[in-house]
Structure formats: structure tokens, C-alpha cells
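First up is the structure itself, then whatever we jot down about it.
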Amino acid sequence: MTNYSDMQDGDLASLGRSRPLSLGQLFWVFTWLALQGFGGVLAVVQRELVDKRRWLSREEFVEEWAVAQVLPGANVVNLSLMLGDRYFGWRGGLTALAGLLTFPVLIVLALAVLLAGVSDQPQVQGALRGMSAVAAGMIVAVGLKLLPSLKTNVLPAAAQWALIALTFIAIAWLRIPLIWVLAGLGGLAGVWAYRLLGQPPRRGRQGGDGDTGPGPAQPAGPGA
């Protein structure tokens with residue numbers, strides 16, 4: 001993961017990028033991000049950090065979200081720690097985490113007190129089930145939006161689609177625990193990509209095998 005803690009905003013602007021200007025800004029951006037994440041924080045994270053703030057490119061977001069998915073704990077919590085550390089070191093990681101958790105924890109505690117007496121009512125339960133459908137739709141929408149970033153993936157396109165399909169089947173239909181899906185399919189994809197990255201680039205051939213250009217000039221024969 002690239003560390004931009006020593007780079008200024010102008011340096012990143014040349015790359016079409018930006019960065020948090022202070023720990024305070026980092027805290028409030030993650031606070032606002034958390035307060036928008038009703039049931040589907042993935043969509044909010046991608047829009048806020050990639051499209052709006054440009055703190056991550058789309059390719060970087062996909063790569064770091066994959067790491068956050070593999071690590072134990074909540075995905076967005078892992079991502080906040082990685083992003084904060086990228087720009088401000090360990091202080092940035094703790095600041096981003098504090099912004100992500102402080103106000104949501106207070107709101108959840110308040111709602112737990114308010115809903116303690118009505119949580120078993122059918123109307124409340126139906127409302128929560130309705131929200132889950134919207135959250136699922138938001139996750140699918142973000143997945144479709146991030147598909148173009150796979151064009152730069154080292155794996156062949158057919159292999160990528162096969163892994164996507166196998167992952168969906170394993171989790172949605174076969175109900176295999178996520179840890180085994182990550183260890184199996186994720187491990188296979190990681191080893192495959194590692195081997196591809198370790199191969200030397202292929203050179204274009206001109207003429208026969210081993211012929212990469214015109215050979216040395218031959219002496220002219222008799223009568224030339």
C-alpha cells in the first residue's frame with residue numbers, strides 16, 4: 001500500500017488526486033461517512049472517498065477493500081485504519097477510526113434505549129426487513145460500478161468472471177462460511193496472480209523463433 005504521508009496536496013493533484021489536509025478533516029469526513037451509512041456503508045465509502053474526495057483511485061479502492069475484506073473485523077473499520085495511516089501514520093489511523101465510530105455508537109445506544117419497548121412489534125420488524133432490501137441493492141450497485149477497475153487486474157478476464165461466479169455460488173447458494181471461501185478461492189486467486197506477476201514480460205517476435213531483429217550484415221558473395 002503506497003504511503004503518501006510525505007506528499008503535499010499539489011503533488012497529488014498532478015496525479016488527479018487529493019489528500020486530507022488535517023487530522024480534523026479526516027475525523028469529520030469519516031464521521032459524515034458513518035452517519036450516511038444506513039445499512040450499506042460500502043456505497044457511501046466508495047462515493048465519498050473515490051468520487052468526491054479523490055483520496056483513493058478506483059483501482060486503489062478495490063485493492064484496499066479486498067485487503068480489508070480478508071482481515072478480521074469490520075471491512076470499513078479496517079479501511080479507515082489503512083487510509084488514516086497512509087496519510088498521517090498511526091495518528092491518522094486512530095483519528096479515522098474515532099470519526100467512524102464515535103457518533104454511530106452514541107446513536108445506536110440512544111436507539112437501543114428508545115426501541116427497547118417496541119422492538120417486538122410487527123410494524124418495527126417489517127420496517128427493518130424493508131431496509132435490508134435497500135441495503136442489498138446498494139451493495140450490488142457498487143459492485144457493478146467497480147467492475148471496470150478489473151480491467152487492470154493481472155488475471156485473465158475469463159478467470160476473473162469465473163472467480164466472481166464461484167464466489168457468489170459458494171456464499172449465496174451453498175452457504176459456505178466466508179472464511180473458507182476466502183481461504184480457498186481467495187488463496188487460489190492470490191497464488192495465481194503472484195505467479196503471473198513473477199513472469200518476465202513476453203517480447204514480440206519478428207521473423208522466426210528467437211529472431212528479434214535483423215541480424216548482422218552478411219558479406220556479399222561473388223558476383224554481387
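Letters for chains follow the order of the C-alpha cells (A, B, ...), residue numbers begin at 1 for each chain, and ligand numbers begin at 1 in the order shown.
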(request) Find the residues around segment 33-35 of chain A up to 7 Å (only C-alpha atoms counted), leave out those fewer than 6 positions away in its own chain, and share them as number ranges by chain. (result) A: 44-45, 100, 104
(request) Using atom CA of Leu94 of chain A and atom CA of Leu81 of chain A as the two end points, give the distance in Å to one decimal. (result)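 Atom-to-atom, atom CA of Leu94 of chain A and atom CA of Leu81 of chain A are spaced 6.7 Å apart.
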If you run DSSP on the backbone, which residues of segment 5-219 of chain A are helix (DSSP H, G or I), as a tab-separated table (two decimals) with N, CA and C atoms, in the first residue's frame?
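In the end it all went to part_37.tsv:
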```tsv
chain	number	residue	atom	x	y	z
A	9	ASP	N	-0.52	18.26	-1.12
A	9	ASP	CA	-1.72	18.17	-1.96
A	9	ASP	C	-1.41	18.51	-3.41
A	10	GLY	N	-0.48	19.44	-3.64
A	10	GLY	CA	-0.13	19.79	-5.01
A	10	GLY	C	0.53	18.65	-5.74
A	11	ASP	N	1.33	17.84	-5.01
A	11	ASP	CA	1.97	16.69	-5.64
A	11	ASP	C	0.93	15.68	-6.11
A	12	LEU	N	-0.08	15.46	-5.29
A	12	LEU	CA	-1.13	14.51	-5.66
A	12	LEU	C	-2.04	15.07	-6.74
A	13	ALA	N	-2.19	16.39	-6.77
A	13	ALA	CA	-3.06	17.00	-7.78
A	13	ALA	C	-2.56	16.69	-9.18
A	23	LEU	N	-5.79	16.27	10.45
A	23	LEU	CA	-6.44	15.20	11.21
A	23	LEU	C	-7.90	15.55	11.49
A	24	GLY	N	-8.18	16.84	11.68
A	24	GLY	CA	-9.56	17.24	11.91
A	24	GLY	C	-10.45	16.95	10.71
A	25	GLN	N	-9.95	17.27	9.52
A	25	GLN	CA	-10.73	16.97	8.32
A	25	GLN	C	-10.94	15.47	8.18
A	26	LEU	N	-9.89	14.70	8.45
A	26	LEU	CA	-10.01	13.24	8.37
A	26	LEU	C	-11.09	12.73	9.32
A	27	PHE	N	-11.12	13.27	10.54
A	27	PHE	CA	-12.12	12.86	11.54
A	27	PHE	C	-13.53	13.16	11.05
A	28	TRP	N	-13.77	14.39	10.58
A	28	TRP	CA	-15.13	14.78	10.22
A	28	TRP	C	-15.60	14.12	8.93
A	29	VAL	N	-14.69	13.84	8.01
A	29	VAL	CA	-15.09	13.13	6.79
A	29	VAL	C	-15.55	11.72	7.14
A	30	PHE	N	-14.83	11.04	8.00
A	30	PHE	CA	-15.25	9.69	8.37
A	30	PHE	C	-16.48	9.72	9.26
A	31	THR	N	-16.66	10.80	10.04
A	31	THR	CA	-17.90	10.93	10.80
A	31	THR	C	-19.10	11.08	9.86
A	32	TRP	N	-18.98	11.97	8.87
A	32	TRP	CA	-20.05	12.17	7.91
A	32	TRP	C	-20.30	10.90	7.11
A	33	LEU	N	-19.25	10.19	6.78
A	33	LEU	CA	-19.38	8.94	6.04
A	33	LEU	C	-20.16	7.92	6.87
A	34	ALA	N	-19.83	7.82	8.15
A	34	ALA	CA	-20.51	6.85	9.01
A	34	ALA	C	-21.97	7.20	9.20
A	35	LEU	N	-22.28	8.50	9.31
A	35	LEU	CA	-23.66	8.90	9.54
A	35	LEU	C	-24.54	8.70	8.31
A	36	GLN	N	-23.92	8.55	7.12
A	36	GLN	CA	-24.68	8.27	5.91
A	36	GLN	C	-24.87	6.78	5.67
A	41	VAL	N	-22.89	0.76	3.97
A	41	VAL	CA	-21.81	1.74	4.05
A	41	VAL	C	-20.86	1.62	2.87
A	42	LEU	N	-20.80	0.48	2.19
A	42	LEU	CA	-19.90	0.31	1.06
A	42	LEU	C	-20.16	1.35	-0.02
A	43	ALA	N	-21.42	1.56	-0.35
A	43	ALA	CA	-21.76	2.55	-1.38
A	43	ALA	C	-21.33	3.94	-0.97
A	44	VAL	N	-21.50	4.28	0.29
A	44	VAL	CA	-21.14	5.60	0.78
A	44	VAL	C	-19.63	5.78	0.79
A	45	VAL	N	-18.90	4.75	1.21
A	45	VAL	CA	-17.44	4.82	1.25
A	45	VAL	C	-16.88	5.06	-0.14
A	46	GLN	N	-17.36	4.31	-1.12
A	46	GLN	CA	-16.85	4.45	-2.49
A	46	GLN	C	-17.15	5.84	-3.04
A	47	ARG	N	-18.35	6.35	-2.82
A	47	ARG	CA	-18.71	7.67	-3.34
A	47	ARG	C	-17.92	8.78	-2.65
A	48	GLU	N	-17.76	8.67	-1.33
A	48	GLU	CA	-17.13	9.75	-0.57
A	48	GLU	C	-15.62	9.78	-0.78
A	49	LEU	N	-14.96	8.63	-0.74
A	49	LEU	CA	-13.50	8.60	-0.78
A	49	LEU	C	-12.94	8.60	-2.19
A	50	VAL	N	-13.68	8.03	-3.15
A	50	VAL	CA	-13.17	7.93	-4.53
A	50	VAL	C	-13.74	9.03	-5.40
A	51	ASP	N	-15.06	9.13	-5.49
A	51	ASP	CA	-15.69	10.07	-6.42
A	51	ASP	C	-15.61	11.52	-5.94
A	52	LYS	N	-15.88	11.74	-4.66
A	52	LYS	CA	-15.98	13.11	-4.14
A	52	LYS	C	-14.63	13.63	-3.65
A	58	ARG	N	-9.98	4.53	-8.08
A	58	ARG	CA	-10.90	3.40	-8.09
A	58	ARG	C	-10.15	2.08	-7.95
A	59	GLU	N	-8.99	1.99	-8.62
A	59	GLU	CA	-8.20	0.76	-8.53
A	59	GLU	C	-7.66	0.56	-7.11
A	60	GLU	N	-7.19	1.64	-6.48
A	60	GLU	CA	-6.70	1.53	-5.11
A	60	GLU	C	-7.82	1.14	-4.16
A	61	PHE	N	-9.00	1.69	-4.38
A	61	PHE	CA	-10.13	1.34	-3.51
A	61	PHE	C	-10.45	-0.15	-3.59
A	62	VAL	N	-10.47	-0.70	-4.81
A	62	VAL	CA	-10.77	-2.12	-4.97
A	62	VAL	C	-9.71	-2.96	-4.27
A	63	GLU	N	-8.43	-2.60	-4.45
A	63	GLU	CA	-7.35	-3.37	-3.85
A	63	GLU	C	-7.40	-3.31	-2.32
A	64	GLU	N	-7.60	-2.12	-1.77
A	64	GLU	CA	-7.59	-1.99	-0.32
A	64	GLU	C	-8.87	-2.52	0.31
A	65	TRP	N	-9.99	-2.44	-0.42
A	65	TRP	CA	-11.20	-3.06	0.11
A	65	TRP	C	-11.05	-4.58	0.15
A	66	ALA	N	-10.32	-5.14	-0.84
A	66	ALA	CA	-10.06	-6.58	-0.82
A	66	ALA	C	-9.23	-6.97	0.41
A	67	VAL	N	-8.22	-6.16	0.73
A	67	VAL	CA	-7.42	-6.42	1.93
A	67	VAL	C	-8.29	-6.28	3.18
A	68	ALA	N	-9.11	-5.24	3.24
A	68	ALA	CA	-9.99	-5.03	4.40
A	68	ALA	C	-10.98	-6.18	4.55
A	69	GLN	N	-11.40	-6.77	3.42
A	69	GLN	CA	-12.34	-7.90	3.45
A	69	GLN	C	-11.69	-9.15	4.03
A	70	VAL	N	-10.41	-9.34	3.72
A	70	VAL	CA	-9.72	-10.55	4.17
A	70	VAL	C	-9.35	-10.46	5.65
A	75	ASN	N	-15.15	-4.47	7.65
A	75	ASN	CA	-14.39	-4.03	6.48
A	75	ASN	C	-14.07	-2.54	6.52
A	76	VAL	N	-15.08	-1.72	6.78
A	76	VAL	CA	-14.88	-0.27	6.74
A	76	VAL	C	-13.98	0.19	7.88
A	77	VAL	N	-13.99	-0.51	9.00
A	77	VAL	CA	-13.07	-0.19	10.10
A	77	VAL	C	-11.63	-0.44	9.66
A	78	ASN	N	-11.39	-1.58	9.03
A	78	ASN	CA	-10.05	-1.88	8.53
A	78	ASN	C	-9.61	-0.85	7.50
A	79	LEU	N	-10.54	-0.46	6.61
A	79	LEU	CA	-10.19	0.52	5.59
A	79	LEU	C	-9.87	1.88	6.20
A	80	SER	N	-10.61	2.28	7.22
A	80	SER	CA	-10.34	3.57	7.86
A	80	SER	C	-8.94	3.59	8.49
A	81	LEU	N	-8.55	2.49	9.09
A	81	LEU	CA	-7.21	2.42	9.69
A	81	LEU	C	-6.13	2.50	8.62
A	82	MET	N	-6.34	1.80	7.50
A	82	MET	CA	-5.33	1.82	6.44
A	82	MET	C	-5.23	3.19	5.79
A	83	LEU	N	-6.38	3.83	5.55
A	83	LEU	CA	-6.36	5.14	4.89
A	83	LEU	C	-5.77	6.21	5.81
A	84	GLY	N	-6.14	6.20	7.08
A	84	GLY	CA	-5.57	7.16	8.01
A	84	GLY	C	-4.07	7.00	8.16
A	85	ASP	N	-3.61	5.77	8.24
A	85	ASP	CA	-2.18	5.51	8.34
A	85	ASP	C	-1.44	5.94	7.08
A	86	ARG	N	-2.08	5.83	5.94
A	86	ARG	CA	-1.45	6.20	4.67
A	86	ARG	C	-1.03	7.66	4.67
A	87	TYR	N	-1.84	8.55	5.24
A	87	TYR	CA	-1.58	9.98	5.16
A	87	TYR	C	-0.98	10.58	6.43
A	88	PHE	N	-1.27	10.00	7.61
A	88	PHE	CA	-0.79	10.60	8.85
A	88	PHE	C	-0.17	9.59	9.81
A	89	GLY	N	0.12	8.39	9.34
A	89	GLY	CA	0.70	7.40	10.23
A	89	GLY	C	-0.31	6.88	11.23
A	90	TRP	N	0.19	6.40	12.39
A	90	TRP	CA	-0.70	5.78	13.37
A	90	TRP	C	-1.72	6.78	13.92
A	91	ARG	N	-1.35	8.07	14.00
A	91	ARG	CA	-2.31	9.08	14.47
A	91	ARG	C	-3.49	9.19	13.51
A	92	GLY	N	-3.20	9.12	12.22
A	92	GLY	CA	-4.28	9.17	11.23
A	92	GLY	C	-5.19	7.96	11.32
A	93	GLY	N	-4.59	6.79	11.55
A	93	GLY	CA	-5.41	5.59	11.69
A	93	GLY	C	-6.38	5.68	12.85
A	94	LEU	N	-5.88	6.14	14.00
A	94	LEU	CA	-6.75	6.27	15.17
A	94	LEU	C	-7.79	7.37	14.98
A	95	THR	N	-7.40	8.46	14.31
A	95	THR	CA	-8.35	9.56	14.08
A	95	THR	C	-9.48	9.12	13.16
A	96	ALA	N	-9.14	8.44	12.05
A	96	ALA	CA	-10.18	7.95	11.14
A	96	ALA	C	-11.10	6.96	11.84
A	97	LEU	N	-10.53	6.10	12.66
A	97	LEU	CA	-11.34	5.13	13.40
A	97	LEU	C	-12.27	5.84	14.39
A	98	ALA	N	-11.76	6.87	15.07
A	98	ALA	CA	-12.60	7.62	16.00
A	98	ALA	C	-13.75	8.31	15.27
A	99	GLY	N	-13.45	8.90	14.12
A	99	GLY	CA	-14.51	9.55	13.35
A	99	GLY	C	-15.56	8.56	12.89
A	100	LEU	N	-15.13	7.37	12.55
A	100	LEU	CA	-16.06	6.37	12.05
A	100	LEU	C	-16.97	5.83	13.14
A	101	LEU	N	-16.49	5.77	14.39
A	101	LEU	CA	-17.23	5.05	15.43
A	101	LEU	C	-17.91	5.93	16.47
A	102	THR	N	-17.42	7.14	16.71
A	102	THR	CA	-17.89	7.91	17.87
A	102	THR	C	-19.38	8.19	17.81
A	103	PHE	N	-19.83	8.91	16.78
A	103	PHE	CA	-21.24	9.29	16.71
A	103	PHE	C	-22.16	8.09	16.44
A	104	PRO	N	-21.79	7.14	15.55
A	104	PRO	CA	-22.66	5.97	15.39
A	104	PRO	C	-22.88	5.20	16.68
A	105	VAL	N	-21.84	5.06	17.50
A	105	VAL	CA	-22.01	4.35	18.77
A	105	VAL	C	-23.00	5.09	19.67
A	106	LEU	N	-22.89	6.41	19.73
A	106	LEU	CA	-23.83	7.18	20.54
A	106	LEU	C	-25.26	7.06	20.03
A	107	ILE	N	-25.41	7.09	18.70
A	107	ILE	CA	-26.75	6.97	18.11
A	107	ILE	C	-27.35	5.59	18.36
A	108	VAL	N	-26.52	4.56	18.21
A	108	VAL	CA	-27.02	3.19	18.44
A	108	VAL	C	-27.44	3.00	19.89
A	109	LEU	N	-26.66	3.53	20.81
A	109	LEU	CA	-27.04	3.42	22.22
A	109	LEU	C	-28.36	4.14	22.50
A	110	ALA	N	-28.54	5.31	21.89
A	110	ALA	CA	-29.79	6.04	22.09
A	110	ALA	C	-30.97	5.29	21.48
A	111	LEU	N	-30.78	4.73	20.27
A	111	LEU	CA	-31.86	3.98	19.64
A	111	LEU	C	-32.19	2.70	20.41
A	112	ALA	N	-31.15	2.07	20.97
A	112	ALA	CA	-31.40	0.86	21.76
A	112	ALA	C	-32.30	1.15	22.95
A	113	VAL	N	-32.10	2.31	23.55
A	113	VAL	CA	-32.95	2.69	24.69
A	113	VAL	C	-34.37	2.99	24.22
A	114	LEU	N	-34.49	3.72	23.09
A	114	LEU	CA	-35.81	4.12	22.60
A	114	LEU	C	-36.62	2.93	22.08
A	115	LEU	N	-35.93	1.96	21.42
A	115	LEU	CA	-36.64	0.84	20.80
A	115	LEU	C	-36.76	-0.37	21.71
A	122	PRO	N	-44.68	-6.07	15.18
A	122	PRO	CA	-44.56	-6.45	13.76
A	122	PRO	C	-44.24	-5.27	12.86
A	123	GLN	N	-44.77	-4.08	13.15
A	123	GLN	CA	-44.50	-2.92	12.30
A	123	GLN	C	-43.01	-2.57	12.29
A	124	VAL	N	-42.39	-2.61	13.46
A	124	VAL	CA	-40.97	-2.28	13.56
A	124	VAL	C	-40.13	-3.33	12.85
A	125	GLN	N	-40.45	-4.60	13.04
A	125	GLN	CA	-39.70	-5.67	12.39
A	125	GLN	C	-39.85	-5.61	10.88
A	126	GLY	N	-41.06	-5.29	10.40
A	126	GLY	CA	-41.27	-5.16	8.96
A	126	GLY	C	-40.47	-4.00	8.37
A	127	ALA	N	-40.38	-2.90	9.10
A	127	ALA	CA	-39.61	-1.75	8.62
A	127	ALA	C	-38.13	-2.10	8.50
A	128	LEU	N	-37.61	-2.83	9.45
A	128	LEU	CA	-36.20	-3.23	9.40
A	128	LEU	C	-35.94	-4.19	8.24
A	129	ARG	N	-36.88	-5.10	7.97
A	129	ARG	CA	-36.70	-6.01	6.83
A	129	ARG	C	-36.75	-5.24	5.52
A	130	GLY	N	-37.59	-4.22	5.44
A	130	GLY	CA	-37.63	-3.41	4.23
A	130	GLY	C	-36.31	-2.67	3.98
A	131	MET	N	-35.67	-2.19	5.04
A	131	MET	CA	-34.38	-1.53	4.90
A	131	MET	C	-33.31	-2.49	4.39
A	132	SER	N	-33.40	-3.75	4.76
A	132	SER	CA	-32.38	-4.72	4.33
A	132	SER	C	-32.39	-4.90	2.82
A	133	ALA	N	-33.57	-4.82	2.19
A	133	ALA	CA	-33.63	-4.93	0.73
A	133	ALA	C	-32.91	-3.76	0.05
A	134	VAL	N	-33.08	-2.57	0.59
A	134	VAL	CA	-32.40	-1.40	0.04
A	134	VAL	C	-30.89	-1.53	0.22
A	135	ALA	N	-30.45	-2.03	1.38
A	135	ALA	CA	-29.02	-2.20	1.63
A	135	ALA	C	-28.42	-3.18	0.64
A	136	ALA	N	-29.13	-4.28	0.36
A	136	ALA	CA	-28.63	-5.25	-0.61
A	136	ALA	C	-28.51	-4.63	-2.00
A	137	GLY	N	-29.50	-3.82	-2.38
A	137	GLY	CA	-29.44	-3.16	-3.68
A	137	GLY	C	-28.27	-2.20	-3.78
A	138	MET	N	-27.95	-1.50	-2.70
A	138	MET	CA	-26.82	-0.57	-2.71
A	138	MET	C	-25.51	-1.31	-2.89
A	139	ILE	N	-25.37	-2.47	-2.24
A	139	ILE	CA	-24.14	-3.24	-2.37
A	139	ILE	C	-23.97	-3.75	-3.80
A	140	VAL	N	-25.04	-4.23	-4.40
A	140	VAL	CA	-24.98	-4.71	-5.79
A	140	VAL	C	-24.61	-3.57	-6.73
A	141	ALA	N	-25.19	-2.39	-6.50
A	141	ALA	CA	-24.91	-1.24	-7.36
A	141	ALA	C	-23.44	-0.85	-7.31
A	142	VAL	N	-22.85	-0.85	-6.12
A	142	VAL	CA	-21.43	-0.51	-6.00
A	142	VAL	C	-20.57	-1.56	-6.68
A	143	GLY	N	-20.93	-2.84	-6.52
A	143	GLY	CA	-20.17	-3.89	-7.19
A	143	GLY	C	-20.15	-3.72	-8.69
A	144	LEU	N	-21.29	-3.39	-9.28
A	144	LEU	CA	-21.36	-3.17	-10.72
A	144	LEU	C	-20.55	-1.94	-11.12
A	145	LYS	N	-20.56	-0.91	-10.28
A	145	LYS	CA	-19.83	0.31	-10.59
A	145	LYS	C	-18.32	0.10	-10.57
A	146	LEU	N	-17.85	-0.83	-9.76
A	146	LEU	CA	-16.42	-1.08	-9.64
A	146	LEU	C	-15.89	-2.11	-10.63
A	147	LEU	N	-16.77	-2.74	-11.39
A	147	LEU	CA	-16.31	-3.75	-12.34
A	147	LEU	C	-15.29	-3.24	-13.35
A	148	PRO	N	-15.42	-1.99	-13.89
A	148	PRO	CA	-14.42	-1.53	-14.86
A	148	PRO	C	-12.99	-1.51	-14.32
A	149	SER	N	-12.82	-1.40	-13.00
A	149	SER	CA	-11.46	-1.37	-12.44
A	149	SER	C	-10.76	-2.71	-12.59
A	150	LEU	N	-11.51	-3.79	-12.87
A	150	LEU	CA	-10.89	-5.10	-13.04
A	150	LEU	C	-10.12	-5.22	-14.36
A	151	LYS	N	-10.25	-4.22	-15.23
A	151	LYS	CA	-9.53	-4.27	-16.50
A	151	LYS	C	-8.02	-4.27	-16.29
A	152	THR	N	-7.57	-3.67	-15.20
A	152	THR	CA	-6.13	-3.62	-14.92
A	152	THR	C	-5.66	-4.81	-14.10
A	157	ALA	N	-9.43	-12.12	-18.03
A	157	ALA	CA	-10.83	-11.73	-17.80
A	157	ALA	C	-11.71	-12.95	-17.53
A	158	ALA	N	-11.50	-14.03	-18.28
A	158	ALA	CA	-12.31	-15.24	-18.07
A	158	ALA	C	-12.13	-15.79	-16.66
A	159	ALA	N	-10.89	-15.74	-16.15
A	159	ALA	CA	-10.64	-16.23	-14.80
A	159	ALA	C	-11.31	-15.34	-13.76
A	160	GLN	N	-11.32	-14.04	-13.98
A	160	GLN	CA	-11.97	-13.13	-13.05
A	160	GLN	C	-13.47	-13.41	-12.96
A	161	TRP	N	-14.12	-13.56	-14.11
A	161	TRP	CA	-15.56	-13.83	-14.11
A	161	TRP	C	-15.86	-15.18	-13.47
A	162	ALA	N	-14.98	-16.16	-13.71
A	162	ALA	CA	-15.18	-17.48	-13.09
A	162	ALA	C	-15.08	-17.39	-11.57
A	163	LEU	N	-14.11	-16.63	-11.06
A	163	LEU	CA	-13.96	-16.47	-9.62
A	163	LEU	C	-15.15	-15.72	-9.02
A	164	ILE	N	-15.64	-14.70	-9.73
A	164	ILE	CA	-16.83	-13.98	-9.25
A	164	ILE	C	-18.03	-14.92	-9.16
A	165	ALA	N	-18.23	-15.72	-10.19
A	165	ALA	CA	-19.37	-16.65	-10.20
A	165	ALA	C	-19.23	-17.71	-9.11
A	166	LEU	N	-18.04	-18.26	-8.95
A	166	LEU	CA	-17.83	-19.29	-7.93
A	166	LEU	C	-18.01	-18.73	-6.53
A	167	THR	N	-17.56	-17.51	-6.32
A	167	THR	CA	-17.73	-16.88	-5.00
A	167	THR	C	-19.21	-16.66	-4.69
A	168	PHE	N	-19.96	-16.19	-5.69
A	168	PHE	CA	-21.40	-15.98	-5.48
A	168	PHE	C	-22.10	-17.30	-5.17
A	169	ILE	N	-21.78	-18.34	-5.94
A	169	ILE	CA	-22.41	-19.65	-5.72
A	169	ILE	C	-22.07	-20.19	-4.34
A	170	ALA	N	-20.79	-20.07	-3.95
A	170	ALA	CA	-20.36	-20.62	-2.67
A	170	ALA	C	-21.04	-19.93	-1.49
A	171	ILE	N	-21.22	-18.60	-1.58
A	171	ILE	CA	-21.78	-17.86	-0.45
A	171	ILE	C	-23.30	-17.82	-0.49
A	172	ALA	N	-23.88	-17.52	-1.66
A	172	ALA	CA	-25.33	-17.31	-1.73
A	172	ALA	C	-26.11	-18.62	-1.79
A	173	TRP	N	-25.60	-19.60	-2.51
A	173	TRP	CA	-26.35	-20.84	-2.70
A	173	TRP	C	-25.89	-21.96	-1.76
A	178	LEU	N	-17.68	-17.72	5.07
A	178	LEU	CA	-16.83	-16.78	4.34
A	178	LEU	C	-15.35	-17.09	4.50
A	179	ILE	N	-14.93	-17.53	5.68
A	179	ILE	CA	-13.52	-17.80	5.91
A	179	ILE	C	-13.00	-18.87	4.97
A	180	TRP	N	-13.82	-19.88	4.66
A	180	TRP	CA	-13.38	-20.95	3.77
A	180	TRP	C	-13.38	-20.49	2.32
A	181	VAL	N	-14.31	-19.62	1.97
A	181	VAL	CA	-14.32	-19.06	0.61
A	181	VAL	C	-13.07	-18.22	0.39
A	182	LEU	N	-12.73	-17.39	1.39
A	182	LEU	CA	-11.54	-16.56	1.26
A	182	LEU	C	-10.28	-17.40	1.21
A	183	ALA	N	-10.22	-18.45	2.05
A	183	ALA	CA	-9.02	-19.29	2.07
A	183	ALA	C	-8.88	-20.08	0.77
A	184	GLY	N	-10.02	-20.57	0.24
A	184	GLY	CA	-9.97	-21.39	-0.97
A	184	GLY	C	-9.83	-20.56	-2.24
A	185	LEU	N	-10.90	-19.87	-2.61
A	185	LEU	CA	-10.89	-19.09	-3.85
A	185	LEU	C	-9.93	-17.89	-3.75
A	186	GLY	N	-9.92	-17.22	-2.60
A	186	GLY	CA	-9.00	-16.10	-2.44
A	186	GLY	C	-7.55	-16.52	-2.49
A	187	GLY	N	-7.24	-17.65	-1.84
A	187	GLY	CA	-5.87	-18.16	-1.89
A	187	GLY	C	-5.46	-18.57	-3.30
A	188	LEU	N	-6.39	-19.22	-4.01
A	188	LEU	CA	-6.10	-19.62	-5.40
A	188	LEU	C	-5.84	-18.40	-6.27
A	189	ALA	N	-6.69	-17.37	-6.16
A	189	ALA	CA	-6.51	-16.17	-6.97
A	189	ALA	C	-5.21	-15.45	-6.61
A	190	GLY	N	-4.88	-15.41	-5.32
A	190	GLY	CA	-3.65	-14.74	-4.90
A	190	GLY	C	-2.40	-15.44	-5.43
A	191	VAL	N	-2.37	-16.76	-5.33
A	191	VAL	CA	-1.21	-17.51	-5.83
A	191	VAL	C	-1.09	-17.38	-7.34
A	192	TRP	N	-2.21	-17.46	-8.03
A	192	TRP	CA	-2.21	-17.33	-9.49
A	192	TRP	C	-1.68	-15.96	-9.91
A	193	ALA	N	-2.19	-14.89	-9.26
A	193	ALA	CA	-1.73	-13.55	-9.60
A	193	ALA	C	-0.25	-13.37	-9.28
A	194	TYR	N	0.19	-13.95	-8.17
A	194	TYR	CA	1.61	-13.85	-7.80
A	194	TYR	C	2.50	-14.49	-8.85
A	195	ARG	N	2.09	-15.64	-9.35
A	195	ARG	CA	2.89	-16.32	-10.37
A	195	ARG	C	2.91	-15.52	-11.68
A	196	LEU	N	1.76	-14.93	-12.02
A	196	LEU	CA	1.73	-14.13	-13.25
A	196	LEU	C	2.60	-12.88	-13.14
A	197	LEU	N	2.59	-12.26	-11.98
A	197	LEU	CA	3.41	-11.06	-11.78
A	197	LEU	C	4.89	-11.38	-11.79
A	198	GLY	N	5.24	-12.62	-11.43
A	198	GLY	CA	6.64	-13.00	-11.40
A	198	GLY	C	7.21	-13.42	-12.74
```
(message) Just to confirm, what's the straight-line distance from atom CA of Ser18 of chain A to atom CA of Ser57 of chain A in Å (one decimal)?
(response)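 Interatomic distance, atom CA of Ser18 of chain A to atom CA of Ser57 of chain A: 9.9 Å.
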